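A short worksheet on the structure shown next.
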Amino acid sequence: MVRNNNDSTISQKLVRIDRPLLRISNLAIHLQTADERTAFKVNKEDHLSPILALEVKNALTGGGRKCTDDKTKEDNTTTTKDGWYEYQEPLLLEILADELDVAVENIIDFELNLFDVQKASLGGACLEFIHSARLDNLASCFLAVQALLEYSTSEQLRNDSDVSLVALFDHEEVGSSSAVGAGSPIMGEAVERIFAELSNGSGKSETIAKSFVLSVDQAHAVHPNYASKHEKAHQPKMNEGMVIKRNSNQRYATNAITGLIIREIAKRAGLPPVQEFVVRNDCGCGSTIGPIISTATGIRAIDMGCPQLSMHSIRETMGVCDLTNGLQLFKAFFSKFREVDDAIEQ
């Protein structure tokens, strides 16, 4: 958040510092006890402070040594205390000001996140893998947007009676309960506004009944070193197509009808058969936004995604072919959903 000097307004600005500005370093194995090495755990409060400058703790609590001249230090001390500014690391504020091309004192608040700045790379003897940060779930976001862009410029759109949209929500990894998460009114309000614009005011319940949510989040591929973590009959493999996720406790929104619709769409489009994932009965199960959206809107949903390894690690791995598999399935969903859905007896 930046205060503008010319008219006292406040602007929101985006900033991306695409260089290794901070690092969280672990403790050398030589300095760990045998028990600590076995546990391989960290204290989130004590062990995850990122290093910004020479003095780790001071640099993050406002007492750090600054890489600037005395004049800049003197100028910073004259800034009016407001209960926020004086608790920020001056060096970090200077870096942000340089990136945004604003005065340091005009920065009045921020929300910052750390991310891995290493670029994605191809790997494997046949270059069949993608190694990258945040594949979960930027891979699905990219595929969905790209599929909609390509579909919107195709001839198939001319005969499409449906409204196709892509919604990208924040905060899925922390429960989706926010003003911009899947638990917010965003999806329901979008349906309301589209319906009000395109209808004569009647038939809303029929519209909801004919709608469908493709909830796409990355899926767990079977790990060659931990194959026992997968249910024996449901072991999705990378580079062999997208994965439908099922759970009888409703951790995923997939049911017999929604799963069939996607499998039939893939079949009619000539795509690889969709794989299936079911968690072991003695293992916990994650969840995603499909059940949340269905509960809030009453719209049918399925949970699925591209198979990958090392989910939530700093570097994740997925198959190159699954980018194509995902893109083609999304495009087929836009073009063939109505045809398949109408073929199912109600």
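Ordering of the structure tokens sets the chain letters (A, B, ...), residue numbers begin anew at 1 in every chain, and ligands are numbered from 1 in the order given.
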Pick out the residues sitting within 7 Å of segment 226-236 of chain A, and hand them over as a compact mmCIF listing (two decimals) with all heavy atoms, in the first residue's frame; count only C-alpha atoms, and ignore anything fewer than 4 positions along from it in its own chain.
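Resulting contents of out14.txt:
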```txt
# COMPACT_ATOMS: atom_id res chain seq x y z
N ALA A 221 0.49 -38.77 -7.66
CA ALA A 221 0.94 -39.91 -8.46
C ALA A 221 1.59 -40.94 -7.54
O ALA A 221 2.11 -40.59 -6.47
CB ALA A 221 1.94 -39.45 -9.51
N VAL A 222 1.56 -42.20 -7.94
CA VAL A 222 2.20 -43.23 -7.13
C VAL A 222 3.71 -42.97 -7.12
O VAL A 222 4.32 -42.66 -8.13
CB VAL A 222 1.88 -44.64 -7.67
CG1 VAL A 222 2.43 -44.84 -9.08
CG2 VAL A 222 2.41 -45.71 -6.71
N VAL A 243 -6.36 -37.33 -13.38
CA VAL A 243 -6.79 -38.21 -12.31
C VAL A 243 -8.09 -37.71 -11.70
O VAL A 243 -8.19 -36.54 -11.32
CB VAL A 243 -5.71 -38.30 -11.21
CG1 VAL A 243 -6.16 -39.23 -10.08
CG2 VAL A 243 -4.38 -38.76 -11.80
N GLN A 275 -7.44 -41.48 -15.12
CA GLN A 275 -7.05 -42.36 -14.03
C GLN A 275 -7.90 -42.07 -12.79
O GLN A 275 -8.60 -41.07 -12.73
CB GLN A 275 -5.56 -42.16 -13.71
CG GLN A 275 -4.64 -42.38 -14.91
CD GLN A 275 -3.19 -42.25 -14.54
OE1 GLN A 275 -2.55 -43.21 -14.08
NE2 GLN A 275 -2.64 -41.05 -14.72
N GLU A 276 -7.80 -42.95 -11.81
CA GLU A 276 -8.60 -42.82 -10.59
C GLU A 276 -7.69 -42.86 -9.36
O GLU A 276 -6.73 -43.62 -9.30
CB GLU A 276 -9.62 -43.95 -10.48
CG GLU A 276 -10.64 -44.00 -11.60
CD GLU A 276 -11.92 -43.26 -11.25
OE1 GLU A 276 -12.06 -42.85 -10.08
OE2 GLU A 276 -12.77 -43.10 -12.15
N PHE A 277 -8.02 -42.02 -8.38
CA PHE A 277 -7.31 -42.03 -7.11
C PHE A 277 -8.29 -42.18 -5.97
O PHE A 277 -9.27 -41.43 -5.86
CB PHE A 277 -6.52 -40.73 -6.91
CG PHE A 277 -5.93 -40.58 -5.53
CD1 PHE A 277 -4.79 -41.29 -5.17
CD2 PHE A 277 -6.51 -39.74 -4.59
CE1 PHE A 277 -4.25 -41.14 -3.90
CE2 PHE A 277 -5.98 -39.59 -3.32
CZ PHE A 277 -4.84 -40.30 -2.97
N VAL A 278 -8.06 -43.18 -5.12
CA VAL A 278 -8.81 -43.38 -3.88
C VAL A 278 -7.79 -43.60 -2.77
O VAL A 278 -6.90 -44.45 -2.90
CB VAL A 278 -9.76 -44.59 -3.96
CG1 VAL A 278 -10.49 -44.78 -2.64
CG2 VAL A 278 -10.75 -44.43 -5.10
N VAL A 279 -7.87 -42.85 -1.70
CA VAL A 279 -6.91 -42.98 -0.62
C VAL A 279 -7.09 -44.31 0.10
O VAL A 279 -8.19 -44.88 0.13
CB VAL A 279 -7.06 -41.80 0.36
CG1 VAL A 279 -8.33 -41.94 1.21
CG2 VAL A 279 -5.83 -41.66 1.25
N ARG A 280 -6.02 -44.84 0.65
CA ARG A 280 -6.10 -46.07 1.43
C ARG A 280 -7.03 -45.87 2.63
O ARG A 280 -7.14 -44.77 3.19
CB ARG A 280 -4.71 -46.46 1.95
CG ARG A 280 -3.76 -47.03 0.91
CD ARG A 280 -2.38 -47.20 1.51
NE ARG A 280 -2.42 -47.99 2.75
CZ ARG A 280 -1.92 -49.22 2.87
NH1 ARG A 280 -1.34 -49.80 1.84
NH2 ARG A 280 -1.98 -49.86 4.02
N PRO A 307 -1.45 -35.75 -12.18
CA PRO A 307 -0.66 -36.48 -11.17
C PRO A 307 0.73 -35.87 -11.00
O PRO A 307 1.36 -35.46 -11.97
CB PRO A 307 -0.58 -37.90 -11.75
CG PRO A 307 -0.73 -37.72 -13.23
CD PRO A 307 -1.65 -36.54 -13.42
```
Could you give me, as a VMD selection string, the residues within 12 Å of segment 262-272 of chain A, counting only C-alpha atoms and dropping anything in the same chain fewer than 3 positions from it? chain A and resid 212 to 215 239 to 245 254 to 259 275 to 276 301 to 305 321 to 322 324 to 341 343 to 344
I need the residue nearest Ile194 of chain A from this list: A:Ala179, A:Leu52, A:Ile208, A:Cys141. Use only C-alpha atoms for the distance.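 Of A:Ala179, A:Leu52, A:Ile208, A:Cys141, the one nearest Ile194 of chain A, counting only C-alpha atoms, is A:Ile208.
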Among segment 295-343 of chain A, which residues does DSSP mark as helix (DSSP H, G or I) when it is run on the backbone? Keep the chain and numbering as in the structure and answer as a list in words. Thr295, Ala296, Thr297, Val320, Cys321, Asp322, Leu323, Thr324, Asn325, Gly326, Leu327, Gln328, Leu329, Phe330, Lys331, Ala332, Phe333, Phe334, Ser335, Lys336, Phe337, Arg338, Glu339, Val340, Asp341 and Asp342 of chain A
Give me, as a Markdown table, the closest atom pair and its distance (Å, one decimal) for every residue of segment 182-212 of chain A within a cut-off of 12 Å of segment 170-173 of chain A, counting only C-alpha atoms, rows sorted by chain and rising number.
```
| residue | atom | partner | partner_atom | distance |
| --- | --- | --- | --- | --- |
| A:Ala182 | CA | A:Glu172 | CA | 7.2 |
| A:Gly183 | CA | A:Glu172 | CA | 9.1 |
| A:Ser184 | CA | A:Asp170 | CA | 10.3 |
| A:Ile186 | CA | A:Asp170 | CA | 11.4 |
```
Selection export as a tab-separated table (two decimals), in the first residue's frame, atoms kept: C-alpha atoms:
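Written file, result.tsv:
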```tsv
chain	number	residue	atom	x	y	z
A	182	ALA	CA	-13.75	-20.80	-2.50
A	183	GLY	CA	-15.77	-20.56	0.72
A	184	SER	CA	-16.70	-16.94	-0.07
A	186	ILE	CA	-17.85	-15.24	-5.14
```
So that I can see what lies close to Leu22 of chain A, please list as a ChimeraX atom specification the residues with an atom at most 8 Å from it, counting only C-alpha atoms and leaving out residues fewer than 3 positions away in the same chain. /A:50-52,114
Find, counting only C-alpha atoms, the residue in A:Val216, A:Ala167, A:Ala196, A:Ile130 that gets nearest to Val320 of chain A. A:Ile130
